[in-house]
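Colleague: Questions regarding the structure given below will be posed in turn.
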Amino acid sequence: MRRVAVDAGLDKLQEFLLGMSPGDEVSVARAVEISGLDQGRCDAVLSALMRAGLMMRLQHDAYVRCRLQVAEKRSA
């Protein structure tokens, strides 16, 4: 049953993150509110997206959605 709750939380977080535009910000606390997941799991997801180049971490413990350079080059 715990797995179902985690999967549902990740689905909610994914939906929110996919709706973000470059420049939009999200904090770990907001990700917890949206998903119902714990702080550690939300931070891990946002950190992984940062390492992948999709997010940048701000000084006030928030993440900002980055513009993908690869996507821009392909569409040009």
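FYI, nothing fancy with the structure tokens labels: chains A, B, ... in order, residues from 1 per chain, ligands from 1 as they appear.
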Quick one: pick out all alpha helix (DSSP H) residues within chain A from a backbone DSSP run and write them as a PyMOL selection string.
Modeller: chain A and resi 2-18+28-35+39-51+69-75
Colleague: Mind the document's chain letters and residue numbers, and return as a PyMOL selection string the residues of chain A that DSSP labels strand (DSSP E).
Modeller: chain A and resi 25-27+55-57+62-65
Colleague: Residues of the last selection are to be written out with N, CA and C atoms, as a compact mmCIF listing (two decimals), in the first residue's frame.
Modeller:
# COMPACT_ATOMS: atom_id res chain seq x y z
N GLU A 25 9.47 28.88 -10.25
CA GLU A 25 10.18 28.38 -9.08
C GLU A 25 9.30 27.43 -8.28
N VAL A 26 9.96 26.50 -7.60
CA VAL A 26 9.28 25.59 -6.67
C VAL A 26 10.24 25.30 -5.52
N SER A 27 9.73 25.33 -4.32
CA SER A 27 10.53 24.98 -3.14
C SER A 27 10.28 23.51 -2.80
N MET A 55 16.69 22.00 -13.77
CA MET A 55 16.44 22.94 -12.67
C MET A 55 17.77 23.55 -12.23
N MET A 56 17.66 24.69 -11.60
CA MET A 56 18.81 25.34 -10.99
C MET A 56 18.40 25.65 -9.55
N ARG A 57 19.29 25.40 -8.61
CA ARG A 57 18.97 25.65 -7.20
C ARG A 57 19.28 27.10 -6.85
N ALA A 62 15.01 27.13 -3.06
CA ALA A 62 14.02 26.87 -4.09
C ALA A 62 14.75 26.44 -5.36
N TYR A 63 14.01 25.89 -6.26
CA TYR A 63 14.56 25.49 -7.55
C TYR A 63 13.82 26.27 -8.63
N VAL A 64 14.52 26.62 -9.68
CA VAL A 64 13.92 27.34 -10.78
C VAL A 64 14.06 26.48 -12.04
N ARG A 65 13.00 26.44 -12.83
CA ARG A 65 12.99 25.66 -14.07
C ARG A 65 13.88 26.36 -15.08
Colleague: Find, counting only C-alpha atoms, the residue in A:Asp24, A:Arg41, A:Leu54, A:Gln59 that gets nearest to Asp7 of chain A.
Modeller: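 Among the listed residues, the smallest separation from Asp7 of chain A belongs to A:Arg41.
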Colleague: Fewer than 2 positions away in the same chain doesn't count, so skip those; otherwise give me all residues within 9 Å of Cys42 of chain A, counting only C-alpha atoms, as a PyMOL selection string.
Modeller: chain A and resi 10+13+28-29+31-32+35+37-40+44-47
Colleague: Could you save those same residues with C-alpha atoms as a PDB file, in the first residue's frame?
Modeller:
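Written output follows (out17.pdb):
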ATOM      1  CA  LEU A  10       5.338  11.028  -7.730  1.00  0.00           C
ATOM      2  CA  LEU A  13       4.750  15.960  -8.543  1.00  0.00           C
ATOM      3  CA  VAL A  28      10.953  21.590  -1.541  1.00  0.00           C
ATOM      4  CA  ALA A  29       8.196  22.556   0.915  1.00  0.00           C
ATOM      5  CA  ALA A  31       6.738  19.990  -3.649  1.00  0.00           C
ATOM      6  CA  VAL A  32       5.845  18.239  -0.368  1.00  0.00           C
ATOM      7  CA  SER A  35       2.780  15.488  -3.766  1.00  0.00           C
ATOM      8  CA  LEU A  37       5.751  12.861  -0.312  1.00  0.00           C
ATOM      9  CA  ASP A  38       8.316  13.441   2.413  1.00  0.00           C
ATOM     10  CA  GLN A  39      10.871  16.237   2.239  1.00  0.00           C
ATOM     11  CA  GLY A  40      13.801  13.921   1.527  1.00  0.00           C
ATOM     12  CA  ALA A  44      15.995  14.006  -4.177  1.00  0.00           C
ATOM     13  CA  VAL A  45      13.684  14.460  -7.194  1.00  0.00           C
ATOM     14  CA  LEU A  46      14.475  18.181  -7.517  1.00  0.00           C
ATOM     15  CA  SER A  47      18.207  17.570  -7.042  1.00  0.00           C
TER      16      SER A  47
END
Colleague: Separation of atom CA of Val6 of chain A and atom CA of Cys66 of chain A, in Å?
Modeller: 26.0 Å
Colleague: What does the structure give for the distance between atom CA of Met50 of chain A and atom CA of Val4 of chain A, in Å to one decimal?
Modeller: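 Those two atoms sit 25.9 Å apart.
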